[in-house]
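As stored in model_14.txt (compact mmCIF, C-alpha atoms and all ligand atoms):
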# COMPACT_ATOMS: atom_id res chain seq x y z
CA MET I 734 21.14 14.72 -7.04
CA SER I 735 17.99 12.63 -6.81
CA VAL I 736 14.59 14.33 -6.63
CA ASN I 737 13.87 12.41 -3.42
CA LYS I 738 16.97 13.74 -1.64
CA GLU I 739 16.27 17.36 -2.64
CA VAL I 740 12.95 17.61 -0.82
CA LYS I 741 12.09 17.95 2.87
CA LYS I 742 8.61 16.55 2.38
CA ILE I 743 7.44 14.24 -0.37
CA THR I 744 4.33 15.53 -2.12
CA THR I 745 2.33 14.41 -5.12
CA ASN I 746 4.41 16.94 -7.12
CA THR I 747 7.62 15.22 -5.99
CA LEU I 748 6.33 11.92 -7.38
CA GLN I 749 5.51 13.60 -10.68
CA LYS I 750 9.03 15.06 -10.84
CA MET I 751 10.48 11.63 -10.06
CA LYS I 752 8.66 10.14 -13.04
CA VAL I 753 9.99 12.89 -15.32
CA ALA I 754 13.53 12.39 -13.95
CA GLY I 755 13.27 8.59 -14.33
CA GLU I 756 13.75 8.12 -10.58
CA LYS I 757 11.80 5.13 -9.25
CA ILE I 758 9.27 5.61 -6.44
CA ALA I 759 9.56 3.29 -3.41
CA MET I 760 6.31 2.63 -1.55
CA LEU I 761 5.60 0.22 1.32
CA THR I 762 2.52 -0.47 3.37
CA ALA I 763 2.51 0.28 7.09
CA TYR I 764 -0.25 0.21 9.66
CA ASP I 765 1.21 1.47 12.92
CA PHE I 766 3.32 4.23 14.51
CA SER I 767 6.53 2.26 15.14
CA PHE I 768 7.03 0.74 11.69
CA ALA I 769 5.96 3.99 10.00
CA LYS I 770 8.68 5.79 11.98
CA ILE I 771 11.34 3.29 10.85
CA PHE I 772 10.26 3.37 7.19
CA ASP I 773 10.11 7.18 7.14
CA SER I 774 13.58 7.52 8.73
CA ALA I 775 14.91 4.97 6.22
CA GLY I 776 13.81 7.30 3.39
CA ILE I 777 10.71 5.63 1.95
CA ASP I 778 8.88 7.88 -0.53
CA VAL I 779 5.31 6.77 0.15
CA ILE I 780 3.57 4.79 2.90
CA LEU I 781 0.32 3.16 1.94
CA VAL I 782 -2.02 2.43 4.82
CA GLY I 783 -3.50 -0.42 2.81
CA ASP I 784 -6.73 -2.21 3.49
CA SER I 785 -4.39 -5.25 3.48
CA ALA I 786 -4.44 -4.42 7.22
CA SER I 787 -7.56 -6.59 7.11
CA ASN I 788 -5.31 -9.57 6.21
CA VAL I 789 -2.00 -8.91 7.91
CA MET I 790 -3.12 -7.05 11.03
CA ALA I 791 -6.56 -8.54 11.69
CA GLY I 792 -6.14 -12.02 10.18
CA HIS I 793 -9.11 -11.88 7.82
CA GLU I 794 -8.97 -13.88 4.59
CA THR I 795 -9.86 -10.86 2.42
CA THR I 796 -9.72 -7.06 2.56
CA LEU I 797 -13.50 -6.78 2.64
CA PRO I 798 -14.23 -6.81 6.40
CA ILE I 799 -12.05 -3.87 7.47
CA THR I 800 -14.10 -0.86 8.58
CA MET I 801 -13.71 2.89 8.17
CA GLU I 802 -13.04 3.24 11.92
CA GLN I 803 -10.27 0.60 11.76
CA MET I 804 -8.64 2.28 8.74
CA ILE I 805 -8.77 5.62 10.59
CA TYR I 806 -7.11 4.04 13.64
CA HIS I 807 -4.26 2.58 11.52
CA ALA I 808 -3.81 5.74 9.43
CA SER I 809 -3.69 8.14 12.36
CA SER I 810 -1.12 5.89 14.09
CA VAL I 811 1.05 5.96 10.92
CA ILE I 812 0.76 9.74 10.59
CA ARG I 813 2.09 10.21 14.14
CA GLY I 814 5.23 8.27 13.12
CA ILE I 815 6.27 10.17 9.99
CA ASN I 816 7.95 13.47 9.13
CA ARG I 817 8.75 13.28 5.47
CA CYS I 818 7.02 10.65 3.36
CA LEU I 819 3.64 10.91 1.62
CA VAL I 820 0.90 8.89 3.35
CA VAL I 821 -1.91 7.41 1.26
CA VAL I 822 -4.89 5.64 2.84
CA ASP I 823 -7.14 3.04 1.23
CA LEU I 824 -10.87 3.75 1.21
CA PRO I 825 -12.25 0.51 2.66
CA PHE I 826 -14.72 -1.72 0.83
CA GLY I 827 -18.26 -0.31 1.03
CA SER I 828 -17.17 3.27 1.73
CA TYR I 829 -17.21 4.49 -1.90
CA GLN I 830 -18.84 2.01 -4.27
CA SER I 831 -22.49 3.10 -3.88
CA ASN I 832 -22.25 6.66 -5.18
CA SER I 833 -19.91 9.61 -5.60
CA ASP I 834 -21.40 11.64 -2.70
CA ILE I 835 -20.73 8.76 -0.30
CA ALA I 836 -17.24 8.36 -1.79
CA LEU I 837 -16.50 12.05 -1.23
CA ALA I 838 -17.83 11.92 2.35
CA SER I 839 -15.59 8.89 3.06
CA ALA I 840 -12.52 10.57 1.57
CA ILE I 841 -13.16 13.75 3.59
CA ARG I 842 -13.56 11.71 6.78
CA ILE I 843 -10.23 9.93 6.20
CA MET I 844 -8.41 13.22 5.53
CA LYS I 845 -9.99 15.06 8.49
CA GLU I 846 -9.66 12.30 11.09
CA THR I 847 -6.21 10.94 10.19
CA GLY I 848 -4.14 13.82 8.80
CA ALA I 849 -3.22 11.66 5.76
CA HIS I 850 -2.17 13.26 2.48
CA ALA I 851 -4.14 11.25 -0.11
CA ILE I 852 -6.59 8.39 -0.54
CA LYS I 853 -6.59 5.32 -2.79
CA LEU I 854 -9.56 3.54 -4.28
CA GLU I 855 -9.92 0.54 -6.59
CA GLY I 856 -11.43 0.45 -10.07
CA GLY I 857 -11.62 2.35 -13.35
CA GLU I 858 -14.66 3.60 -15.26
CA GLU I 859 -16.99 2.49 -12.44
CA VAL I 860 -15.45 4.96 -9.97
CA ILE I 861 -14.64 7.87 -12.31
CA GLU I 862 -17.40 10.18 -11.01
CA SER I 863 -16.17 9.56 -7.45
CA VAL I 864 -12.55 10.27 -8.42
CA LYS I 865 -13.58 13.56 -10.08
CA LYS I 866 -15.60 14.65 -7.05
CA ILE I 867 -12.85 13.77 -4.55
CA VAL I 868 -10.18 15.50 -6.64
CA SER I 869 -12.45 18.58 -7.01
CA ALA I 870 -12.59 18.76 -3.22
CA GLY I 871 -8.79 19.07 -3.18
CA ILE I 872 -8.01 15.51 -2.12
CA PRO I 873 -5.28 13.69 -4.08
CA VAL I 874 -6.43 10.29 -5.37
CA MET I 875 -4.32 7.23 -6.16
CA GLY I 876 -6.01 4.77 -8.53
CA HIS I 877 -5.66 0.96 -8.42
CA LEU I 878 -6.13 -1.32 -11.46
CA GLY I 879 -5.44 -4.95 -12.36
CA LEU I 880 -5.96 -7.30 -9.44
CA THR I 881 -8.20 -5.26 -7.17
CA PRO I 882 -8.58 -7.33 -3.98
CA GLN I 883 -11.91 -5.74 -2.98
CA SER I 884 -13.40 -7.52 -6.05
CA ILE I 885 -11.92 -10.92 -5.22
CA TYR I 886 -15.31 -12.64 -5.17
CA LYS I 887 -15.98 -11.35 -8.70
CA PHE I 888 -12.57 -12.57 -9.96
CA GLY I 889 -12.68 -15.85 -8.02
CA THR I 890 -8.87 -16.14 -7.80
CA TYR I 891 -5.75 -14.06 -7.06
CA ASN I 892 -4.27 -15.02 -10.47
CA VAL I 893 -2.59 -12.54 -12.84
CA ARG I 894 -5.18 -10.17 -14.41
CA ALA I 895 -5.51 -8.66 -17.90
CA LYS I 896 -3.77 -11.48 -19.78
CA GLU I 897 -6.57 -11.55 -22.37
CA ASP I 898 -7.14 -8.70 -24.86
CA GLU I 899 -10.56 -7.67 -23.59
CA GLU I 900 -9.41 -7.13 -20.01
CA ALA I 901 -6.11 -5.59 -21.12
CA ASN I 902 -7.99 -3.09 -23.33
CA LYS I 903 -10.30 -2.16 -20.48
CA LEU I 904 -7.25 -1.59 -18.26
CA ARG I 905 -5.64 0.66 -20.92
CA ARG I 906 -8.89 2.68 -21.13
CA ASP I 907 -9.35 2.83 -17.36
CA ALA I 908 -5.79 4.07 -16.82
CA LYS I 909 -6.37 6.96 -19.24
CA LEU I 910 -9.73 7.77 -17.63
CA LEU I 911 -8.20 7.82 -14.13
CA GLN I 912 -5.43 10.12 -15.31
CA LYS I 913 -7.97 12.45 -16.99
CA ALA I 914 -10.13 12.44 -13.84
CA GLY I 915 -7.15 13.77 -11.88
CA CYS I 916 -5.46 10.77 -10.19
CA PHE I 917 -1.86 11.56 -9.25
CA THR I 918 -0.66 7.93 -9.54
CA ILE I 919 -2.07 4.49 -10.33
CA VAL I 920 -1.20 1.19 -8.64
CA LEU I 921 -0.98 -1.66 -11.16
CA GLU I 922 -1.37 -5.00 -9.39
CA LYS I 923 -0.48 -8.40 -10.82
CA ILE I 924 -0.65 -7.75 -14.56
CA PRO I 925 1.81 -8.78 -17.32
CA ALA I 926 5.01 -6.68 -17.32
CA SER I 927 4.58 -5.85 -21.02
CA LEU I 928 1.13 -4.33 -20.39
CA ALA I 929 2.40 -2.40 -17.33
CA LYS I 930 5.27 -1.06 -19.48
CA GLU I 931 2.91 0.14 -22.20
CA VAL I 932 0.52 1.76 -19.70
CA SER I 933 3.39 3.43 -17.80
CA GLU I 934 4.82 4.84 -21.05
CA ASN I 935 1.44 6.13 -22.20
CA LEU I 936 0.61 7.98 -18.98
CA THR I 937 2.09 11.25 -17.76
CA ILE I 938 1.34 10.31 -14.10
CA PRO I 939 3.45 7.65 -12.37
CA THR I 940 2.44 4.00 -12.08
CA ILE I 941 3.36 1.97 -9.01
CA GLY I 942 3.53 -1.77 -9.55
CA ILE I 943 3.05 -4.83 -7.38
CA GLY I 944 3.61 -7.96 -9.39
CA ALA I 945 3.57 -5.78 -12.52
CA GLY I 946 7.24 -5.94 -13.47
CA MET I 947 10.23 -3.65 -13.75
CA TYR I 948 8.88 -0.95 -16.05
CA CYS I 949 6.48 0.70 -13.61
CA ASP I 950 7.54 4.11 -12.29
CA GLY I 951 7.61 2.74 -8.76
CA GLN I 952 7.10 -0.39 -6.70
CA VAL I 953 5.02 -1.27 -3.64
CA LEU I 954 5.13 -4.29 -1.35
CA VAL I 955 3.15 -5.26 1.73
CA MET I 956 5.53 -4.84 4.70
CA HIS I 957 4.68 -8.20 6.27
CA ASP I 958 5.63 -9.95 3.01
CA MET I 959 8.92 -8.12 2.33
CA LEU I 960 10.08 -8.36 5.95
CA GLY I 961 9.28 -12.07 6.06
CA ILE I 962 6.78 -11.77 8.91
CA ASN I 963 4.26 -13.60 6.80
CA THR I 964 6.24 -16.52 5.32
CA GLU I 965 3.31 -18.51 3.97
CA PHE I 966 2.70 -16.03 1.13
CA LYS I 967 5.30 -16.69 -1.58
CA PRO I 968 4.16 -15.32 -4.94
CA ARG I 969 6.77 -15.05 -7.72
CA PHE I 970 6.78 -11.25 -7.62
CA LEU I 971 7.75 -11.05 -3.94
CA ARG I 972 11.32 -10.40 -2.82
CA GLN I 973 11.75 -11.17 0.89
CA TYR I 974 14.38 -8.84 2.43
CA LEU I 975 14.39 -10.33 5.93
CA ASN I 976 13.14 -13.42 7.72
CA LEU I 977 11.53 -11.66 10.65
CA HIS I 978 9.36 -14.68 11.36
CA GLU I 979 12.41 -16.85 12.02
CA GLN I 980 14.34 -14.12 13.86
CA THR I 981 11.36 -13.28 16.07
CA THR I 982 10.70 -16.95 16.82
CA LYS I 983 14.34 -17.42 17.87
CA ALA I 984 14.29 -14.27 20.04
CA VAL I 985 11.07 -15.31 21.77
CA GLN I 986 12.38 -18.85 22.36
CA HIS I 987 15.59 -17.39 23.79
CA TYR I 988 13.55 -15.15 26.14
CA ILE I 989 11.34 -18.05 27.26
CA SER I 990 14.38 -20.16 28.04
CA ASP I 991 16.08 -17.27 29.95
CA VAL I 992 12.96 -16.77 32.08
CA LYS I 993 12.52 -20.49 32.75
CA ASN I 994 16.23 -20.91 33.59
CA LYS I 995 16.18 -17.85 35.87
CA ASP I 996 18.78 -16.14 33.63
CA PHE I 997 16.52 -13.13 33.11
CA PRO I 998 16.51 -10.73 34.82
CA ASN I 999 20.06 -10.72 36.22
CA GLU I 1000 21.47 -8.43 38.93
CA ASN I 1001 22.02 -5.54 36.53
CA GLU I 1002 18.51 -5.78 35.22
CA GLN I 1003 16.76 -5.07 38.50
CA TYR I 1004 16.34 -2.12 40.93
O1 LIG H 1101 -3.92 -2.79 0.55
C1 LIG H 1101 -2.79 -2.90 0.03
O2 LIG H 1101 -1.80 -3.30 0.67
C2 LIG H 1101 -2.66 -2.56 -1.38
C3 LIG H 1101 -1.35 -2.85 -2.04
C4 LIG H 1101 -1.24 -4.29 -2.31
C5 LIG H 1101 -1.16 -2.05 -3.26
O3 LIG H 1101 -3.57 -2.08 -1.97
When written as structure tokens, how does the structure in this file appear?
Ligand code: KIV
Amino acid sequence: MSVNKEVKKITTNTLQKMKVAGEKIAMLTAYDFSFAKIFDSAGIDVILVGDSASNVMAGHETTLPITMEQMIYHASSVIRGINRCLVVVDLPFGSYQSNSDIALASAIRIMKETGAHAIKLEGGEEVIESVKKIVSAGIPVMGHLGLTPQSIYKFGTYNVRAKEDEEANKLRRDAKLLQKAGCFTIVLEKIPASLAKEVSENLTIPTIGIGAGMYCDGQVLVMHDMLGINTEFKPRFLRQYLNLHEQTTKAVQHYISDVKNKDFPNENEQY
């Protein structure tokens, strides 16, 4: 029997047990009530209300512009759609970087106003005091290392991170620091699979990879990418499970033609 199937509600403890049992964690992003309801009924372990909402929901080029109020709107919509999975919400850019008191206040606001179960923030050593303070307040924290999109203007590109020793060593150190500070999981984004394997084996908490290979304890994808809503984004790590862009286009064209040809509505579709 899998750990996932045994539980009525997925908690941070469930994820820990899954790592120990060698059962992979499946996480997807979602930003609204209807998709959250589908993903939860399908049995997803974790929904991440990612600040990627800035890209895929609002059409911004980066994750930087999304506001606290917008994240709260998305997260509370998701929470109304779920019964079973764990919901994690990204702290948006600017809501935690300045100091640990501000970080704690932002985390408390997200938890109070959305009903979410945990928060995620990006970075290692730089955010350790904030992680400690948030965890001390009883709020579970998911870390995020490797390609951290809120720092895109520092990196300059969305290329694979931590290929060189210096950055890989910092990532190894940061992962240990985040674990010690109390994080319950760490997202590893776009780093070499061999490094993700080593980090995953050296941590007791689970890692969740995106573009970080097969050895992470779980995987996450952005829903618009895996459902093929956004077909322009085709990185090597992405597996597209549906072509919703094509299917939606066809459905809409069919509808337009039915309306224009007076085929819709028919006699049974009216009062
Ligand atoms: O915002 C997001 O969708 C994320 C995932 C890519 C991990 O942080």
Original post:
Nearest to Leu911 in chain I: which of I:Gly961, I:Pro939, I:Gly951, I:Pro968 is it, counting only C-alpha atoms?
Top reply: I:Pro939
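Near ligand LIG 1101 (chain H), at a distance of at most 8 Å and with only C-alpha atoms and all ligand atoms counted, sit the residues I:Thr762, I:Leu781, I:Val782, I:Gly783, I:Asp784, I:Ser785, I:Ala786, I:Thr796, I:Asp823, I:His877, I:Thr881, I:Pro882, I:Val920, I:Leu921, I:Glu922, I:Gly942, I:Ile943, I:Val953, I:Leu954, I:Val955.
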Where does range 891-927 of chain I meet range 861-866 of chain I within 9 Å, residue by residue, with the nearest atom pair and distance in Å to one decimal for each, counting all atoms listed in the file, listed by chain and rising number, as a Markdown table?
| residue | atom | partner | partner_atom | distance |
| --- | --- | --- | --- | --- |
| I:Asp907 | CA | I:Ile861 | CA | 8.9 |
| I:Leu910 | CA | I:Ile861 | CA | 7.2 |
| I:Leu911 | CA | I:Ile861 | CA | 6.7 |
| I:Lys913 | CA | I:Lys865 | CA | 9.0 |
| I:Ala914 | CA | I:Lys865 | CA | 5.2 |
| I:Gly915 | CA | I:Lys865 | CA | 6.7 |
| I:Cys916 | CA | I:Val864 | CA | 7.3 |
**OP:** Please measure the separation of CA of His793 in chain I and CA of Gly876 in chain I, giving the value in Å to one decimal.
**Re:** 23.5 Å
Original post:
Looking at all atoms listed in the file, which of I:Ala759, I:Ile812, I:Ala754, I:Cys818 is the one that sits closest to Val740 in chain I?
Top reply: I:Cys818
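Counting from CA of Met760 in chain I, the distance to CA of Asp778 in chain I is 5.9 Å.
Taking CA of Ala870 in chain I and CA of Gly827 in chain I as the two end points, the separation is 20.3 Å.
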Subject >> Nearby residues, (-7.7, 11.5, 9.1) file frame, 12 Å, all atoms listed in the file, as a PyMOL selection string >> reply: chain I and resi 782+801-813+820-824+839-852+872
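Distances to Glu794 in chain I were evaluated for I:Tyr886, I:Tyr974, I:Phe997, I:Tyr1004 using only C-alpha atoms, and the minimum falls at I:Tyr886.
Nearest residue to Lys741 in chain I, choosing from I:Arg817, I:Lys770, I:Lys983, I:Lys896 and counting only C-alpha atoms: I:Arg817.
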Hey, could you patch up range 949-985 of chain I with N, CA and C atoms and hand it over as a PDB file, keeping the file's coordinate frame?
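For reference, rebuild11.pdb as written:
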ATOM      1  N   CYS I 949       7.335  -0.281 -14.287  1.00  0.00           N
ATOM      2  CA  CYS I 949       6.480   0.700 -13.610  1.00  0.00           C
ATOM      3  C   CYS I 949       7.370   1.820 -13.069  1.00  0.00           C
ATOM      4  N   ASP I 950       6.752   2.970 -12.790  1.00  0.00           N
ATOM      5  CA  ASP I 950       7.540   4.110 -12.290  1.00  0.00           C
ATOM      6  C   ASP I 950       7.913   3.949 -10.826  1.00  0.00           C
ATOM      7  N   GLY I 951       7.280   3.018 -10.151  1.00  0.00           N
ATOM      8  CA  GLY I 951       7.610   2.740  -8.760  1.00  0.00           C
ATOM      9  C   GLY I 951       7.164   1.349  -8.391  1.00  0.00           C
ATOM     10  N   GLN I 952       7.478   0.951  -7.171  1.00  0.00           N
ATOM     11  CA  GLN I 952       7.100  -0.390  -6.700  1.00  0.00           C
ATOM     12  C   GLN I 952       6.493  -0.269  -5.305  1.00  0.00           C
ATOM     13  N   VAL I 953       5.574  -1.186  -4.994  1.00  0.00           N
ATOM     14  CA  VAL I 953       5.020  -1.270  -3.640  1.00  0.00           C
ATOM     15  C   VAL I 953       5.006  -2.730  -3.207  1.00  0.00           C
ATOM     16  N   LEU I 954       5.300  -2.967  -1.933  1.00  0.00           N
ATOM     17  CA  LEU I 954       5.130  -4.290  -1.350  1.00  0.00           C
ATOM     18  C   LEU I 954       4.429  -4.145  -0.002  1.00  0.00           C
ATOM     19  N   VAL I 955       3.763  -5.205   0.399  1.00  0.00           N
ATOM     20  CA  VAL I 955       3.150  -5.260   1.730  1.00  0.00           C
ATOM     21  C   VAL I 955       4.278  -5.548   2.726  1.00  0.00           C
ATOM     22  N   MET I 956       4.377  -4.739   3.794  1.00  0.00           N
ATOM     23  CA  MET I 956       5.530  -4.840   4.700  1.00  0.00           C
ATOM     24  C   MET I 956       5.686  -6.243   5.311  1.00  0.00           C
ATOM     25  N   HIS I 957       4.589  -6.877   5.641  1.00  0.00           N
ATOM     26  CA  HIS I 957       4.680  -8.200   6.270  1.00  0.00           C
ATOM     27  C   HIS I 957       5.278  -9.243   5.318  1.00  0.00           C
ATOM     28  N   ASP I 958       5.081  -9.026   4.011  1.00  0.00           N
ATOM     29  CA  ASP I 958       5.630  -9.950   3.010  1.00  0.00           C
ATOM     30  C   ASP I 958       7.119  -9.695   2.817  1.00  0.00           C
ATOM     31  N   MET I 959       7.504  -8.407   2.652  1.00  0.00           N
ATOM     32  CA  MET I 959       8.920  -8.120   2.330  1.00  0.00           C
ATOM     33  C   MET I 959       9.823  -8.290   3.543  1.00  0.00           C
ATOM     34  N   LEU I 960       9.263  -8.153   4.743  1.00  0.00           N
ATOM     35  CA  LEU I 960      10.080  -8.360   5.950  1.00  0.00           C
ATOM     36  C   LEU I 960      10.070  -9.820   6.405  1.00  0.00           C
ATOM     37  N   GLY I 961       9.306 -10.651   5.705  1.00  0.00           N
ATOM     38  CA  GLY I 961       9.280 -12.070   6.060  1.00  0.00           C
ATOM     39  C   GLY I 961       8.589 -12.346   7.388  1.00  0.00           C
ATOM     40  N   ILE I 962       7.603 -11.506   7.712  1.00  0.00           N
ATOM     41  CA  ILE I 962       6.780 -11.770   8.910  1.00  0.00           C
ATOM     42  C   ILE I 962       5.773 -12.853   8.529  1.00  0.00           C
ATOM     43  N   ASN I 963       5.220 -12.651   7.337  1.00  0.00           N
ATOM     44  CA  ASN I 963       4.260 -13.600   6.800  1.00  0.00           C
ATOM     45  C   ASN I 963       5.010 -14.490   5.795  1.00  0.00           C
ATOM     46  N   THR I 964       5.400 -15.695   6.201  1.00  0.00           N
ATOM     47  CA  THR I 964       6.240 -16.520   5.320  1.00  0.00           C
ATOM     48  C   THR I 964       5.432 -17.503   4.478  1.00  0.00           C
ATOM     49  N   GLU I 965       4.113 -17.556   4.755  1.00  0.00           N
ATOM     50  CA  GLU I 965       3.310 -18.510   3.970  1.00  0.00           C
ATOM     51  C   GLU I 965       3.000 -17.980   2.571  1.00  0.00           C
ATOM     52  N   PHE I 966       3.053 -16.667   2.401  1.00  0.00           N
ATOM     53  CA  PHE I 966       2.700 -16.030   1.130  1.00  0.00           C
ATOM     54  C   PHE I 966       3.958 -15.881   0.289  1.00  0.00           C
ATOM     55  N   LYS I 967       4.057 -16.692  -0.791  1.00  0.00           N
ATOM     56  CA  LYS I 967       5.300 -16.690  -1.580  1.00  0.00           C
ATOM     57  C   LYS I 967       5.043 -16.535  -3.070  1.00  0.00           C
ATOM     58  N   PRO I 968       4.367 -15.473  -3.494  1.00  0.00           N
ATOM     59  CA  PRO I 968       4.160 -15.320  -4.940  1.00  0.00           C
ATOM     60  C   PRO I 968       5.488 -15.007  -5.635  1.00  0.00           C
ATOM     61  N   ARG I 969       5.532 -15.257  -6.942  1.00  0.00           N
ATOM     62  CA  ARG I 969       6.770 -15.050  -7.720  1.00  0.00           C
ATOM     63  C   ARG I 969       7.280 -13.612  -7.653  1.00  0.00           C
ATOM     64  N   PHE I 970       6.349 -12.650  -7.564  1.00  0.00           N
ATOM     65  CA  PHE I 970       6.780 -11.250  -7.620  1.00  0.00           C
ATOM     66  C   PHE I 970       7.427 -10.767  -6.329  1.00  0.00           C
ATOM     67  N   LEU I 971       7.312 -11.546  -5.257  1.00  0.00           N
ATOM     68  CA  LEU I 971       7.750 -11.050  -3.940  1.00  0.00           C
ATOM     69  C   LEU I 971       9.241 -11.280  -3.712  1.00  0.00           C
ATOM     70  N   ARG I 972       9.951 -10.220  -3.316  1.00  0.00           N
ATOM     71  CA  ARG I 972      11.320 -10.400  -2.820  1.00  0.00           C
ATOM     72  C   ARG I 972      11.267 -10.196  -1.309  1.00  0.00           C
ATOM     73  N   GLN I 973      11.765 -11.238  -0.575  1.00  0.00           N
ATOM     74  CA  GLN I 973      11.750 -11.170   0.890  1.00  0.00           C
ATOM     75  C   GLN I 973      13.116 -10.642   1.343  1.00  0.00           C
ATOM     76  N   TYR I 974      13.125  -9.496   2.053  1.00  0.00           N
ATOM     77  CA  TYR I 974      14.380  -8.840   2.430  1.00  0.00           C
ATOM     78  C   TYR I 974      14.877  -9.248   3.810  1.00  0.00           C
ATOM     79  N   LEU I 975      14.043  -9.953   4.558  1.00  0.00           N
ATOM     80  CA  LEU I 975      14.390 -10.330   5.930  1.00  0.00           C
ATOM     81  C   LEU I 975      13.555 -11.551   6.256  1.00  0.00           C
ATOM     82  N   ASN I 976      14.025 -12.355   7.246  1.00  0.00           N
ATOM     83  CA  ASN I 976      13.140 -13.420   7.720  1.00  0.00           C
ATOM     84  C   ASN I 976      12.775 -13.113   9.167  1.00  0.00           C
ATOM     85  N   LEU I 977      11.898 -12.127   9.316  1.00  0.00           N
ATOM     86  CA  LEU I 977      11.530 -11.660  10.650  1.00  0.00           C
ATOM     87  C   LEU I 977      10.748 -12.717  11.423  1.00  0.00           C
ATOM     88  N   HIS I 978      10.086 -13.596  10.703  1.00  0.00           N
ATOM     89  CA  HIS I 978       9.360 -14.680  11.360  1.00  0.00           C
ATOM     90  C   HIS I 978      10.342 -15.568  12.119  1.00  0.00           C
ATOM     91  N   GLU I 979      11.402 -15.968  11.409  1.00  0.00           N
ATOM     92  CA  GLU I 979      12.410 -16.850  12.020  1.00  0.00           C
ATOM     93  C   GLU I 979      13.165 -16.118  13.132  1.00  0.00           C
ATOM     94  N   GLN I 980      13.565 -14.867  12.863  1.00  0.00           N
ATOM     95  CA  GLN I 980      14.340 -14.120  13.860  1.00  0.00           C
ATOM     96  C   GLN I 980      13.514 -13.846  15.112  1.00  0.00           C
ATOM     97  N   THR I 981      12.228 -13.543  14.915  1.00  0.00           N
ATOM     98  CA  THR I 981      11.360 -13.280  16.070  1.00  0.00           C
ATOM     99  C   THR I 981      11.131 -14.561  16.859  1.00  0.00           C
ATOM    100  N   THR I 982      10.916 -15.663  16.147  1.00  0.00           N
ATOM    101  CA  THR I 982      10.700 -16.950  16.820  1.00  0.00           C
ATOM    102  C   THR I 982      11.909 -17.282  17.693  1.00  0.00           C
ATOM    103  N   LYS I 983      13.108 -17.112  17.110  1.00  0.00           N
ATOM    104  CA  LYS I 983      14.340 -17.420  17.870  1.00  0.00           C
ATOM    105  C   LYS I 983      14.458 -16.515  19.089  1.00  0.00           C
ATOM    106  N   ALA I 984      14.183 -15.218  18.918  1.00  0.00           N
ATOM    107  CA  ALA I 984      14.290 -14.270  20.040  1.00  0.00           C
ATOM    108  C   ALA I 984      13.305 -14.633  21.145  1.00  0.00           C
ATOM    109  N   VAL I 985      12.096 -14.980  20.762  1.00  0.00           N
ATOM    110  CA  VAL I 985      11.070 -15.310  21.770  1.00  0.00           C
ATOM    111  C   VAL I 985      11.451 -16.610  22.485  1.00  0.00           C
TER     112      VAL I 985
END
